[in-house]
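S.K.: One file: target03.pdb (PDB, C-alpha atoms).
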```pdb
MODEL        1
ATOM      1  CA  MET U   1      89.470 154.816  74.235
ATOM      2  CA  ILE U   2      91.999 157.675  74.240
ATOM      3  CA  MET U   3      94.062 155.862  76.852
ATOM      4  CA  LYS U   4      93.969 152.706  74.749
ATOM      5  CA  PHE U   5      95.047 154.677  71.656
ATOM      6  CA  ASN U   6      97.882 156.320  73.600
ATOM      7  CA  SER U   7      99.057 152.927  74.846
ATOM      8  CA  LEU U   8      99.020 151.506  71.326
ATOM      9  CA  PHE U   9     100.836 154.575  70.023
ATOM     10  CA  THR U  10     103.491 154.208  72.717
ATOM     11  CA  ILE U  11     103.972 150.535  71.882
ATOM     12  CA  ALA U  12     104.217 151.338  68.170
ATOM     13  CA  VAL U  13     106.846 154.016  68.811
ATOM     14  CA  LEU U  14     108.874 151.708  71.037
ATOM     15  CA  ALA U  15     108.676 148.919  68.479
ATOM     16  CA  SER U  16     109.862 151.238  65.717
ATOM     17  CA  LEU U  17     112.713 152.439  67.893
ATOM     18  CA  CYS U  18     113.758 148.849  68.662
ATOM     19  CA  LEU U  19     113.620 147.995  64.946
ATOM     20  CA  ALA U  20     115.668 151.061  64.086
ATOM     21  CA  THR U  21     118.216 150.068  66.690
ATOM     22  CA  GLN U  22     118.442 146.549  65.237
ATOM     23  CA  VAL U  23     118.884 147.862  61.669
ATOM     24  CA  LYS U  24     121.489 150.361  62.825
ATOM     25  CA  ALA U  25     123.375 147.722  64.831
ATOM     26  CA  ALA U  26     124.420 145.618  61.838
ATOM     27  CA  ASN U  27     125.796 146.897  58.536
ATOM     28  CA  PRO U  28     123.320 145.765  55.819
ATOM     29  CA  ASN U  29     126.106 145.807  53.205
ATOM     30  CA  HIS U  30     128.114 143.431  55.363
ATOM     31  CA  TYR U  31     125.106 141.137  55.694
ATOM     32  CA  ARG U  32     124.668 140.988  51.911
ATOM     33  CA  LYS U  33     128.387 140.423  51.434
ATOM     34  CA  LEU U  34     128.299 137.489  53.852
ATOM     35  CA  ILE U  35     125.284 135.885  52.182
ATOM     36  CA  ASP U  36     126.658 136.373  48.649
ATOM     37  CA  THR U  37     130.323 135.467  49.198
ATOM     38  CA  ARG U  38     130.699 133.923  52.674
ATOM     39  CA  GLU U  39     133.725 136.236  52.965
ATOM     40  CA  CYS U  40     133.145 138.788  55.713
ATOM     41  CA  PRO U  41     136.274 139.281  57.882
ATOM     42  CA  GLY U  42     135.885 142.133  60.364
ATOM     43  CA  CYS U  43     132.230 142.676  59.403
ATOM     44  CA  ASP U  44     129.739 144.450  61.654
ATOM     45  CA  LEU U  45     126.965 141.899  62.185
ATOM     46  CA  ARG U  46     125.778 142.917  65.634
ATOM     47  CA  GLY U  47     122.319 141.650  66.568
ATOM     48  CA  ILE U  48     121.744 140.116  63.157
ATOM     49  CA  SER U  49     119.572 137.013  62.634
ATOM     50  CA  LEU U  50     121.187 134.198  60.647
ATOM     51  CA  THR U  51     118.940 131.410  61.888
ATOM     52  CA  GLY U  52     119.240 128.184  59.914
ATOM     53  CA  ILE U  53     121.435 129.722  57.181
ATOM     54  CA  ASP U  54     124.217 127.633  55.636
ATOM     55  CA  LEU U  55     127.489 129.459  56.378
ATOM     56  CA  SER U  56     129.788 126.467  56.190
ATOM     57  CA  ARG U  57     133.396 127.446  55.440
ATOM     58  CA  ALA U  58     132.507 131.128  55.868
ATOM     59  CA  ASN U  59     135.308 133.582  56.652
ATOM     60  CA  LEU U  60     134.218 135.585  59.708
ATOM     61  CA  ILE U  61     137.640 136.387  61.117
ATOM     62  CA  GLY U  62     137.398 139.237  63.608
ATOM     63  CA  ALA U  63     133.689 139.760  62.875
ATOM     64  CA  ASP U  64     131.473 141.550  65.403
ATOM     65  CA  LEU U  65     128.582 139.168  66.095
ATOM     66  CA  ARG U  66     127.540 140.460  69.493
ATOM     67  CA  GLY U  67     123.966 139.474  70.276
ATOM     68  CA  ALA U  68     123.588 137.724  66.924
ATOM     69  CA  ASN U  69     120.942 135.024  66.449
ATOM     70  CA  LEU U  70     122.774 131.973  65.106
ATOM     71  CA  ARG U  71     120.308 129.318  66.205
ATOM     72  CA  ARG U  72     120.593 126.169  64.069
ATOM     73  CA  THR U  73     123.044 127.965  61.751
ATOM     74  CA  TYR U  74     125.399 125.748  59.729
ATOM     75  CA  LEU U  75     128.968 126.852  60.498
ATOM     76  CA  GLU U  76     130.937 123.710  59.689
ATOM     77  CA  ASN U  77     134.617 124.531  59.054
ATOM     78  CA  ALA U  78     133.813 128.244  59.418
ATOM     79  CA  ASN U  79     136.661 130.553  60.450
ATOM     80  CA  LEU U  80     135.610 132.735  63.389
ATOM     81  CA  LEU U  81     139.118 133.478  64.633
ATOM     82  CA  GLY U  82     138.996 136.449  66.990
ATOM     83  CA  ALA U  83     135.278 137.085  66.448
ATOM     84  CA  ASP U  84     133.202 138.802  69.133
ATOM     85  CA  LEU U  85     130.213 136.580  69.965
ATOM     86  CA  ARG U  86     129.292 138.005  73.347
ATOM     87  CA  GLY U  87     125.666 137.295  74.140
ATOM     88  CA  ALA U  88     125.107 135.487  70.829
ATOM     89  CA  SER U  89     122.572 132.653  70.575
ATOM     90  CA  LEU U  90     124.039 129.513  69.016
ATOM     91  CA  GLU U  91     121.527 126.954  70.261
ATOM     92  CA  GLY U  92     121.552 123.900  68.000
ATOM     93  CA  ALA U  93     124.186 125.442  65.708
ATOM     94  CA  ASN U  94     126.520 123.120  63.801
ATOM     95  CA  LEU U  95     130.117 124.253  64.436
ATOM     96  CA  PHE U  96     131.828 121.019  63.413
ATOM     97  CA  LYS U  97     135.563 121.737  62.907
ATOM     98  CA  ALA U  98     134.920 125.487  63.165
ATOM     99  CA  ASP U  99     137.804 127.727  64.281
ATOM    100  CA  LEU U 100     136.719 129.795  67.297
ATOM    101  CA  SER U 101     140.221 130.556  68.516
ATOM    102  CA  ALA U 102     140.640 133.794  70.490
ATOM    103  CA  THR U 103     136.922 134.491  70.280
ATOM    104  CA  ASN U 104     134.940 136.257  72.996
ATOM    105  CA  LEU U 105     131.988 133.999  73.849
ATOM    106  CA  GLU U 106     131.040 135.531  77.170
ATOM    107  CA  GLN U 107     127.371 134.846  77.995
ATOM    108  CA  ALA U 108     126.863 133.165  74.623
ATOM    109  CA  SER U 109     124.435 130.228  74.535
ATOM    110  CA  PHE U 110     125.475 126.947  72.901
ATOM    111  CA  TYR U 111     122.647 124.788  74.195
ATOM    112  CA  GLY U 112     122.606 121.604  72.080
ATOM    113  CA  ALA U 113     125.238 122.948  69.651
ATOM    114  CA  ASN U 114     127.636 120.632  67.810
ATOM    115  CA  LEU U 115     131.223 121.734  68.452
ATOM    116  CA  GLN U 116     132.856 118.420  67.632
ATOM    117  CA  ASN U 117     136.535 118.893  66.718
ATOM    118  CA  ALA U 118     136.081 122.666  66.893
ATOM    119  CA  ARG U 119     139.108 124.785  67.714
ATOM    120  CA  LEU U 120     138.644 127.072  70.696
ATOM    121  CA  ALA U 121     142.250 127.487  71.743
ATOM    122  CA  TYR U 122     144.893 130.194  71.772
ATOM    123  CA  ALA U 123     145.251 132.046  68.499
ATOM    124  CA  ALA U 124     148.643 131.918  66.831
ATOM    125  CA  PRO U 125     150.255 135.398  67.030
ATOM    126  CA  GLY U 126     151.219 135.231  63.372
ATOM    127  CA  ARG U 127     147.624 134.742  62.324
ATOM    128  CA  LEU U 128     146.541 137.661  64.478
ATOM    129  CA  GLU U 129     149.088 139.932  62.827
ATOM    130  CA  THR U 130     148.202 138.754  59.325
ATOM    131  CA  HIS U 131     144.524 139.575  59.707
ATOM    132  CA  ASN U 132     145.241 142.743  61.712
ATOM    133  CA  PHE U 133     142.026 142.909  63.737
ATOM    134  CA  ASN U 134     141.891 144.394  67.221
ATOM    135  CA  ARG U 135     145.060 142.984  68.793
ATOM    136  CA  ARG U 136     144.138 144.301  72.207
ATOM    137  CA  ARG U 137     141.762 141.374  72.630
ATOM    138  CA  SER U 138     142.839 138.524  74.801
ATOM    139  CA  ASN U 139     144.595 135.729  72.930
ATOM    140  CA  GLN U 140     142.452 133.133  74.636
ATOM    141  CA  THR U 141     138.936 132.018  73.945
ATOM    142  CA  ASN U 142     136.569 133.563  76.479
ATOM    143  CA  LEU U 143     133.620 131.311  77.331
ATOM    144  CA  ARG U 144     133.035 132.738  80.780
ATOM    145  CA  ASN U 145     129.409 132.307  81.886
ATOM    146  CA  ALA U 146     128.546 130.684  78.546
ATOM    147  CA  ASP U 147     125.746 128.117  78.351
ATOM    148  CA  LEU U 148     127.173 124.922  76.843
ATOM    149  CA  ARG U 149     124.662 122.443  78.216
ATOM    150  CA  TYR U 150     124.308 119.302  76.080
ATOM    151  CA  ALA U 151     126.813 120.674  73.544
ATOM    152  CA  ASN U 152     129.001 118.186  71.691
ATOM    153  CA  LEU U 153     132.635 119.209  72.180
ATOM    154  CA  ASN U 154     134.128 115.796  71.491
ATOM    155  CA  GLY U 155     137.798 116.247  70.583
ATOM    156  CA  ALA U 156     137.534 120.052  70.748
ATOM    157  CA  ASP U 157     140.721 122.099  71.152
ATOM    158  CA  LEU U 158     140.134 124.277  74.228
ATOM    159  CA  ARG U 159     143.725 124.881  75.280
ATOM    160  CA  GLY U 160     143.918 127.860  77.606
ATOM    161  CA  ALA U 161     140.241 128.711  77.123
ATOM    162  CA  ASN U 162     138.439 130.690  79.817
ATOM    163  CA  LEU U 163     135.514 128.507  80.917
ATOM    164  CA  SER U 164     135.185 129.896  84.419
ATOM    165  CA  GLN U 165     131.621 129.763  85.805
ATOM    166  CA  THR U 166     130.476 128.202  82.528
ATOM    167  CA  ASN U 167     127.511 125.808  82.461
ATOM    168  CA  LEU U 168     128.835 122.541  81.032
ATOM    169  CA  THR U 169     126.321 120.152  82.574
ATOM    170  CA  THR U 170     125.993 116.903  80.581
ATOM    171  CA  THR U 171     128.255 118.357  77.870
ATOM    172  CA  ASN U 172     130.333 115.932  75.789
ATOM    173  CA  LEU U 173     133.998 116.879  76.298
ATOM    174  CA  SER U 174     135.405 113.422  75.670
ATOM    175  CA  SER U 175     138.959 113.527  74.277
ATOM    176  CA  ALA U 176     138.891 117.348  74.426
ATOM    177  CA  ASN U 177     142.178 119.219  74.884
ATOM    178  CA  LEU U 178     141.812 121.447  77.958
ATOM    179  CA  LEU U 179     145.490 122.113  78.624
ATOM    180  CA  TYR U 180     145.810 125.154  80.934
ATOM    181  CA  ALA U 181     142.052 125.788  80.614
ATOM    182  CA  ASN U 182     140.375 127.931  83.277
ATOM    183  CA  LEU U 183     137.398 125.988  84.658
ATOM    184  CA  LYS U 184     137.159 127.676  88.038
ATOM    185  CA  GLN U 185     133.667 127.352  89.530
ATOM    186  CA  ALA U 186     132.445 125.747  86.301
ATOM    187  CA  ASP U 187     129.338 123.555  86.433
ATOM    188  CA  LEU U 188     130.467 120.159  85.110
ATOM    189  CA  ARG U 189     127.804 117.970  86.668
ATOM    190  CA  GLY U 190     127.367 114.777  84.670
ATOM    191  CA  THR U 191     129.827 115.987  82.040
ATOM    192  CA  ASN U 192     131.550 113.436  79.792
ATOM    193  CA  LEU U 193     135.303 114.016  80.150
ATOM    194  CA  GLN U 194     136.421 110.521  79.148
ATOM    195  CA  GLY U 195     139.996 110.609  77.918
ATOM    196  CA  ALA U 196     140.085 114.420  78.167
ATOM    197  CA  TYR U 197     143.448 116.197  78.485
ATOM    198  CA  LEU U 198     143.195 118.427  81.558
ATOM    199  CA  VAL U 199     146.888 118.846  82.331
ATOM    200  CA  ARG U 200     147.623 122.023  84.332
ATOM    201  CA  SER U 201     143.966 123.055  84.132
ATOM    202  CA  HIS U 202     142.312 125.198  86.824
ATOM    203  CA  LEU U 203     139.276 123.504  88.376
ATOM    204  CA  GLN U 204     139.145 125.193  91.761
ATOM    205  CA  GLN U 205     135.635 125.006  93.280
ATOM    206  CA  ALA U 206     134.309 123.389  90.098
ATOM    207  CA  ASN U 207     131.278 121.106  90.417
ATOM    208  CA  LEU U 208     132.188 117.752  88.879
ATOM    209  CA  SER U 209     129.642 115.636  90.714
ATOM    210  CA  GLY U 210     128.687 112.628  88.609
ATOM    211  CA  ALA U 211     131.189 113.573  85.896
ATOM    212  CA  ASP U 212     132.933 110.846  83.884
ATOM    213  CA  LEU U 213     136.708 111.420  84.023
ATOM    214  CA  SER U 214     137.696 107.831  83.283
ATOM    215  CA  GLY U 215     141.009 107.658  81.465
ATOM    216  CA  ALA U 216     141.428 111.444  81.656
ATOM    217  CA  ASP U 217     144.855 113.038  82.115
ATOM    218  CA  ILE U 218     144.564 115.540  84.982
ATOM    219  CA  GLY U 219     148.258 115.832  85.769
ATOM    220  CA  GLY U 220     149.264 119.005  87.571
ATOM    221  CA  ALA U 221     145.669 120.299  87.620
ATOM    222  CA  ASP U 222     144.263 122.325  90.522
ATOM    223  CA  LEU U 223     141.048 120.749  91.839
ATOM    224  CA  SER U 224     141.186 122.288  95.285
ATOM    225  CA  SER U 225     137.731 122.536  96.890
ATOM    226  CA  ALA U 226     136.155 120.962  93.793
ATOM    227  CA  ASP U 227     133.065 118.763  94.189
ATOM    228  CA  LEU U 228     133.662 115.310  92.671
ATOM    229  CA  THR U 229     130.834 113.507  94.452
ATOM    230  CA  GLY U 230     130.109 110.262  92.603
ATOM    231  CA  ALA U 231     132.533 111.127  89.805
ATOM    232  CA  ASN U 232     134.153 108.354  87.765
ATOM    233  CA  LEU U 233     137.945 108.661  87.776
ATOM    234  CA  ASN U 234     138.729 105.053  86.909
ATOM    235  CA  GLY U 235     142.144 104.831  85.274
ATOM    236  CA  ALA U 236     142.613 108.615  85.385
ATOM    237  CA  ARG U 237     146.110 110.028  85.601
ATOM    238  CA  LEU U 238     146.464 112.652  88.301
ATOM    239  CA  ASN U 239     150.141 113.531  88.166
ATOM    240  CA  LEU U 240     152.388 115.191  85.639
ATOM    241  CA  ILE U 241     155.920 114.009  84.921
ATOM    242  CA  ASP U 242     158.139 116.404  82.993
ATOM    243  CA  LEU U 243     159.901 114.085  80.556
ATOM    244  CA  ASP U 244     161.648 117.002  78.844
ATOM    245  CA  GLU U 245     163.852 117.779  81.822
ATOM    246  CA  PRO U 246     167.530 116.997  81.139
ATOM    247  CA  ASN U 247     167.908 114.888  84.297
ATOM    248  CA  CYS U 248     164.670 112.933  83.793
ATOM    249  CA  THR U 249     165.817 109.353  84.144
ATOM    250  CA  GLY U 250     163.910 106.815  86.168
ATOM    251  CA  LEU U 251     163.021 108.154  89.619
ATOM    252  CA  ASN U 252     164.816 111.480  89.015
ATOM    253  CA  CYS U 253     161.982 112.945  86.947
ATOM    254  CA  GLN U 254     160.124 115.958  88.332
ATOM    255  CA  VAL U 255     156.541 115.086  89.278
ATOM    256  CA  TYR U 256     153.913 117.832  89.354
ATOM    257  CA  PRO U 257     151.049 116.485  91.484
ATOM    258  CA  THR U 258     147.388 117.319  91.123
ATOM    259  CA  ARG U 259     145.828 119.499  93.829
ATOM    260  CA  LEU U 260     142.752 117.944  95.404
ATOM    261  CA  ASP U 261     143.039 119.516  98.829
ATOM    262  CA  GLY U 262     139.604 120.068 100.325
ATOM    263  CA  ALA U 263     137.965 118.371  97.342
ATOM    264  CA  ILE U 264     134.748 116.397  97.799
ATOM    265  CA  LEU U 265     135.204 112.884  96.413
ATOM    266  CA  TYR U 266     132.307 111.302  98.258
ATOM    267  CA  GLN U 267     131.556 107.876  96.717
ATOM    268  CA  ALA U 268     133.758 108.740  93.744
ATOM    269  CA  SER U 269     135.228 105.888  91.709
ATOM    270  CA  LEU U 270     139.030 106.061  91.539
ATOM    271  CA  VAL U 271     139.762 102.441  90.642
ATOM    272  CA  GLY U 272     143.306 102.197  89.291
ATOM    273  CA  ALA U 273     143.747 105.980  89.296
ATOM    274  CA  ASP U 274     147.316 107.272  89.403
ATOM    275  CA  LEU U 275     147.448 109.692  92.345
ATOM    276  CA  THR U 276     151.214 109.724  92.733
ATOM    277  CA  GLY U 277     152.158 112.728  94.867
ATOM    278  CA  ALA U 278     148.623 114.141  94.702
ATOM    279  CA  ASN U 279     147.600 116.637  97.369
ATOM    280  CA  LEU U 280     144.411 115.277  98.990
ATOM    281  CA  GLN U 281     144.804 117.117 102.265
ATOM    282  CA  GLY U 282     141.442 117.417 103.999
ATOM    283  CA  ALA U 283     139.664 115.782 101.056
ATOM    284  CA  ASP U 284     136.316 114.045 101.569
ATOM    285  CA  LEU U 285     136.842 110.477 100.316
ATOM    286  CA  ARG U 286     134.020 108.848 102.249
ATOM    287  CA  GLY U 287     132.829 105.721 100.491
ATOM    288  CA  ALA U 288     135.200 106.327  97.578
ATOM    289  CA  ASP U 289     136.392 103.323  95.557
ATOM    290  CA  LEU U 290     140.194 103.513  95.516
ATOM    291  CA  ARG U 291     140.917  99.886  94.739
ATOM    292  CA  SER U 292     144.305  99.399  93.038
ATOM    293  CA  ALA U 293     144.855 103.171  93.026
ATOM    294  CA  ILE U 294     148.438 104.429  93.159
ATOM    295  CA  LEU U 295     148.919 106.753  96.120
ATOM    296  CA  ASP U 296     152.709 106.733  96.168
ATOM    297  CA  GLY U 297     153.833 109.908  97.961
ATOM    298  CA  ALA U 298     150.288 111.274  98.092
ATOM    299  CA  ILE U 299     149.289 113.691 100.872
ATOM    300  CA  LEU U 300     146.137 112.540 102.684
ATOM    301  CA  THR U 301     146.618 114.557 105.846
ATOM    302  CA  ASN U 302     143.274 114.994 107.642
ATOM    303  CA  ALA U 303     141.441 113.361 104.723
ATOM    304  CA  ASP U 304     138.264 111.403 105.471
ATOM    305  CA  LEU U 305     138.505 107.825 104.125
ATOM    306  CA  SER U 306     135.530 106.471 106.070
ATOM    307  CA  PHE U 307     134.082 103.387 104.345
ATOM    308  CA  ALA U 308     136.457 103.826 101.403
ATOM    309  CA  ALA U 309     137.480 100.708  99.443
ATOM    310  CA  LEU U 310     141.285 100.484  99.540
ATOM    311  CA  GLY U 311     142.007  96.966  98.304
ATOM    312  CA  GLY U 312     145.325  96.717  96.481
ATOM    313  CA  VAL U 313     146.236 100.359  97.124
ATOM    314  CA  ASN U 314     149.902 101.323  97.077
ATOM    315  CA  PHE U 315     150.500 103.463 100.196
ATOM    316  CA  ASN U 316     154.251 103.797  99.662
ATOM    317  CA  ARG U 317     155.410 107.105 101.232
ATOM    318  CA  THR U 318     151.780 108.233 101.606
ATOM    319  CA  GLU U 319     151.171 110.888 104.278
ATOM    320  CA  LEU U 320     148.158 109.827 106.385
ATOM    321  CA  ARG U 321     148.543 111.881 109.561
ATOM    322  CA  GLY U 322     145.181 112.879 110.961
ATOM    323  CA  ALA U 323     143.322 110.968 108.274
ATOM    324  CA  ILE U 324     140.174 109.034 109.175
ATOM    325  CA  LEU U 325     140.634 105.456 107.957
ATOM    326  CA  PRO U 326     137.900 103.164 106.538
ATOM    327  CA  ASN U 327     137.352 101.638 109.977
ATOM    328  CA  GLY U 328     136.553 105.082 111.418
ATOM    329  CA  MET U 329     139.841 105.317 113.337
ATOM    330  CA  ARG U 330     142.047 108.398 112.972
ATOM    331  CA  GLN U 331     145.673 107.927 111.939
ATOM    332  CA  PHE U 332     148.032 109.699 114.341
ATOM    333  CA  GLN U 333     151.384 108.865 112.773
TER
ENDMDL
END
```
Please go through the file and, once you have read it, give me the structure as structure tokens.
M.R.:
Amino acid sequence: MIMKFNSLFTIAVLASLCLATQVKAANPNHYRKLIDTRECPGCDLRGISLTGIDLSRANLIGADLRGANLRRTYLENANLLGADLRGASLEGANLFKADLSATNLEQASFYGANLQNARLAYAAPGRLETHNFNRRRSNQTNLRNADLRYANLNGADLRGANLSQTNLTTTNLSSANLLYANLKQADLRGTNLQGAYLVRSHLQQANLSGADLSGADIGGADLSSADLTGANLNGARLNLIDLDEPNCTGLNCQVYPTRLDGAILYQASLVGADLTGANLQGADLRGADLRSAILDGAILTNADLSFAALGGVNFNRTELRGAILPNGMRQFQ
């Protein structure tokens, strides 16, 4: 009986300590201010629970929301510029057109969240200076290791965002702007990237198996050692032409090819894809559908094209030395 009482006493003490820690973590005055006015820039809201609350159009610029519970919270058009959301739970939250620029979302969970047309890009320096919150933070959105499974990021602005090692399986990123985004080792299995803008993005060792990249612009991206098994790249553009160069006229334009060296494109669909100058050295293209693809100047040295469909392919200036052709023969010239 005494042992049982001691155990219960210990549990009670621990519970009270945990509660005290939670109360101490967030500033109760800041919480009330947010609820009453929806104006809480720079507020201390660590570990707070805002589940299901309507905070649409709230001003949370530079707010500290580490470990906050924002499940099913309404944050449409909310301004979270530069906020710290590390470890926050945003499952099922509505962030339609919310501004999450320059936020830290490391290890945050967005399972099933709506981020359609949300802004998760670089913050404008002027805006950072105006609001004068911790300028030592990175000026890029940090989503490293975040859980974004099933999230709706259709049309989202993710320019330069850090999405390395992030779980984006079956996420909707159609028409999203991922210019210069860091997606190294990201899990993009089955992800919808239709019409996405991935120019100069970093996708080294990313898992894109079964992803839909049809009509996407991947010019100048680095997909070296990425897994694109069964991915759909129909009509995708995989080269970048700098039209702003002074001497860019006709064939004189500088082309920045996409890196796909060592990539796994087993049974991937690349029908009509523009692979001009792309680096596919040592790539696994077994059973890939490359019909009508443009491979002008592409590097396919030591690539495996066994059983690949190559009808109507333009092989002008393509480097095929050491490549295994669809008939199983190796090209020696």
S.K.: Which residues come within 9 Å of range 256-268 of chain U, counting all atoms listed in the file, excluding same-chain residues fewer than 3 positions away, as an MDAnalysis selection string?
M.R.: chainID U and resid 199:200 204:205 209:210 218:233 238:242 275:290 298:300 303 308
S.K.: Could you list, as a PDB file with C-alpha atoms, in the coordinates of the input, every residue within 10 Å of Asp217 in chain U, counting all atoms listed in the file and ignoring same-chain residues fewer than 6 positions away?
M.R.:
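Produced file result36.pdb, reproduced below:
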```pdb
ATOM      1  CA  SER U 175     138.959 113.527  74.277  1.00  0.00           C
ATOM      2  CA  ASN U 177     142.178 119.219  74.884  1.00  0.00           C
ATOM      3  CA  LEU U 178     141.812 121.447  77.958  1.00  0.00           C
ATOM      4  CA  LEU U 179     145.490 122.113  78.624  1.00  0.00           C
ATOM      5  CA  LEU U 193     135.303 114.016  80.150  1.00  0.00           C
ATOM      6  CA  GLN U 194     136.421 110.521  79.148  1.00  0.00           C
ATOM      7  CA  GLY U 195     139.996 110.609  77.918  1.00  0.00           C
ATOM      8  CA  ALA U 196     140.085 114.420  78.167  1.00  0.00           C
ATOM      9  CA  TYR U 197     143.448 116.197  78.485  1.00  0.00           C
ATOM     10  CA  LEU U 198     143.195 118.427  81.558  1.00  0.00           C
ATOM     11  CA  VAL U 199     146.888 118.846  82.331  1.00  0.00           C
ATOM     12  CA  ARG U 200     147.623 122.023  84.332  1.00  0.00           C
ATOM     13  CA  LEU U 233     137.945 108.661  87.776  1.00  0.00           C
ATOM     14  CA  GLY U 235     142.144 104.831  85.274  1.00  0.00           C
ATOM     15  CA  ALA U 236     142.613 108.615  85.385  1.00  0.00           C
ATOM     16  CA  ARG U 237     146.110 110.028  85.601  1.00  0.00           C
ATOM     17  CA  LEU U 238     146.464 112.652  88.301  1.00  0.00           C
ATOM     18  CA  ASN U 239     150.141 113.531  88.166  1.00  0.00           C
ATOM     19  CA  LEU U 240     152.388 115.191  85.639  1.00  0.00           C
ATOM     20  CA  ASP U 274     147.316 107.272  89.403  1.00  0.00           C
TER      21      ASP U 274
END
```
S.K.: My list of candidates is U:Thr166, U:Arg72, U:Ala78, U:Cys40. Which is closest to Leu55 in chain U when distances are computed with all atoms listed in the file?
M.R.: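 Closest to Leu55 in chain U of all the choices is U:Ala78.
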S.K.: Grab the CA of Lys184 in chain U to CA of Ser292 in chain U distance for me, in Å with one decimal place.
M.R.: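 So the two atoms, CA of Lys184 in chain U and CA of Ser292 in chain U, lie 29.6 Å apart.
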S.K.: Between CA of Leu270 in chain U and CA of Asn314 in chain U, measure the distance and give it in Å to one decimal.
M.R.: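 Spanning CA of Leu270 in chain U to CA of Asn314 in chain U is a straight-line distance of 13.1 Å.
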S.K.: Applied to the shown file, which residues does the PyMOL selection byres ((chain U and resi 318) around 7) return, written as a PyMOL selection string?
M.R.: chain U and resi 295-299+315-317+319-320
S.K.: Any chance you could resolve the PyMOL selection byres ((chain U and resi 181) around 7) against this file and give the residues as a list in words?
M.R.: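 Applied to this file, the PyMOL selection byres ((chain U and resi 181) around 7) selects Leu158, Arg159, Gly160, Ala161, Asn162, Leu178, Leu179, Tyr180, Asn182, Leu183, Ser201 and His202 of chain U.
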S.K.: So how far away is CA of Asp54 in chain U from CA of Ala176 in chain U, in Å?
M.R.: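 Spanning CA of Ala176 in chain U to CA of Asp54 in chain U is a straight-line distance of 26.0 Å.
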S.K.: For a cut-off of 10 Å around (125.6, 123.1, 75.4), file coordinates, pick out all residues using all atoms listed in the file and list them as a tab-separated table (two decimals) with C-alpha atoms, in the frame of the given file.
M.R.:
```tsv
chain	number	residue	atom	x	y	z
U	90	LEU	CA	124.04	129.51	69.02
U	91	GLU	CA	121.53	126.95	70.26
U	92	GLY	CA	121.55	123.90	68.00
U	109	SER	CA	124.44	130.23	74.54
U	110	PHE	CA	125.48	126.95	72.90
U	111	TYR	CA	122.65	124.79	74.19
U	112	GLY	CA	122.61	121.60	72.08
U	113	ALA	CA	125.24	122.95	69.65
U	114	ASN	CA	127.64	120.63	67.81
U	115	LEU	CA	131.22	121.73	68.45
U	146	ALA	CA	128.55	130.68	78.55
U	147	ASP	CA	125.75	128.12	78.35
U	148	LEU	CA	127.17	124.92	76.84
U	149	ARG	CA	124.66	122.44	78.22
U	150	TYR	CA	124.31	119.30	76.08
U	151	ALA	CA	126.81	120.67	73.54
U	152	ASN	CA	129.00	118.19	71.69
U	153	LEU	CA	132.64	119.21	72.18
U	167	ASN	CA	127.51	125.81	82.46
U	168	LEU	CA	128.84	122.54	81.03
U	169	THR	CA	126.32	120.15	82.57
U	170	THR	CA	125.99	116.90	80.58
U	171	THR	CA	128.26	118.36	77.87
U	172	ASN	CA	130.33	115.93	75.79
```
S.K.: Got a sec to check which residues sit within 9 Å of (136.4, 128.1, 51.9), counting only C-alpha atoms, and write them as a PDB file with C-alpha atoms, in the frame of the given file?
M.R.:
```pdb
ATOM      1  CA  ARG U  38     130.699 133.923  52.674  1.00  0.00           C
ATOM      2  CA  GLU U  39     133.725 136.236  52.965  1.00  0.00           C
ATOM      3  CA  SER U  56     129.788 126.467  56.190  1.00  0.00           C
ATOM      4  CA  ARG U  57     133.396 127.446  55.440  1.00  0.00           C
ATOM      5  CA  ALA U  58     132.507 131.128  55.868  1.00  0.00           C
ATOM      6  CA  ASN U  59     135.308 133.582  56.652  1.00  0.00           C
ATOM      7  CA  ASN U  77     134.617 124.531  59.054  1.00  0.00           C
ATOM      8  CA  ALA U  78     133.813 128.244  59.418  1.00  0.00           C
ATOM      9  CA  ASN U  79     136.661 130.553  60.450  1.00  0.00           C
TER      10      ASN U  79
END
```
S.K.: Nearest to Leu95 in chain U: which of U:Ala26, U:Ile324, U:Leu70, U:Ala83 is it, counting only C-alpha atoms?
M.R.: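 Nearest candidate to Leu95 in chain U out of U:Ala26, U:Ile324, U:Leu70, U:Ala83: U:Leu70.
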S.K.: For this file, the PyMOL selection byres ((chain U and resi 81) around 6) selects which residues, as a ChimeraX atom specification?
M.R.: /U:61,79-80,82-83,99-101
S.K.: Write the residues of the preceding selection, restricted to C-alpha atoms, as a CSV table (one decimal), in the frame of the given file.
M.R.:
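Output contents, as saved in selection.csv:
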```
chain,number,residue,atom,x,y,z
U,61,ILE,CA,137.6,136.4,61.1
U,79,ASN,CA,136.7,130.6,60.4
U,80,LEU,CA,135.6,132.7,63.4
U,82,GLY,CA,139.0,136.4,67.0
U,83,ALA,CA,135.3,137.1,66.4
U,99,ASP,CA,137.8,127.7,64.3
U,100,LEU,CA,136.7,129.8,67.3
U,101,SER,CA,140.2,130.6,68.5
```
S.K.: Which one of U:Leu60, U:Ser269, U:Gly52, U:Arg330 sits closest to Leu34 in chain U if you count only C-alpha atoms?
M.R.: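 For Leu34 in chain U, the nearest of the candidates is U:Leu60.
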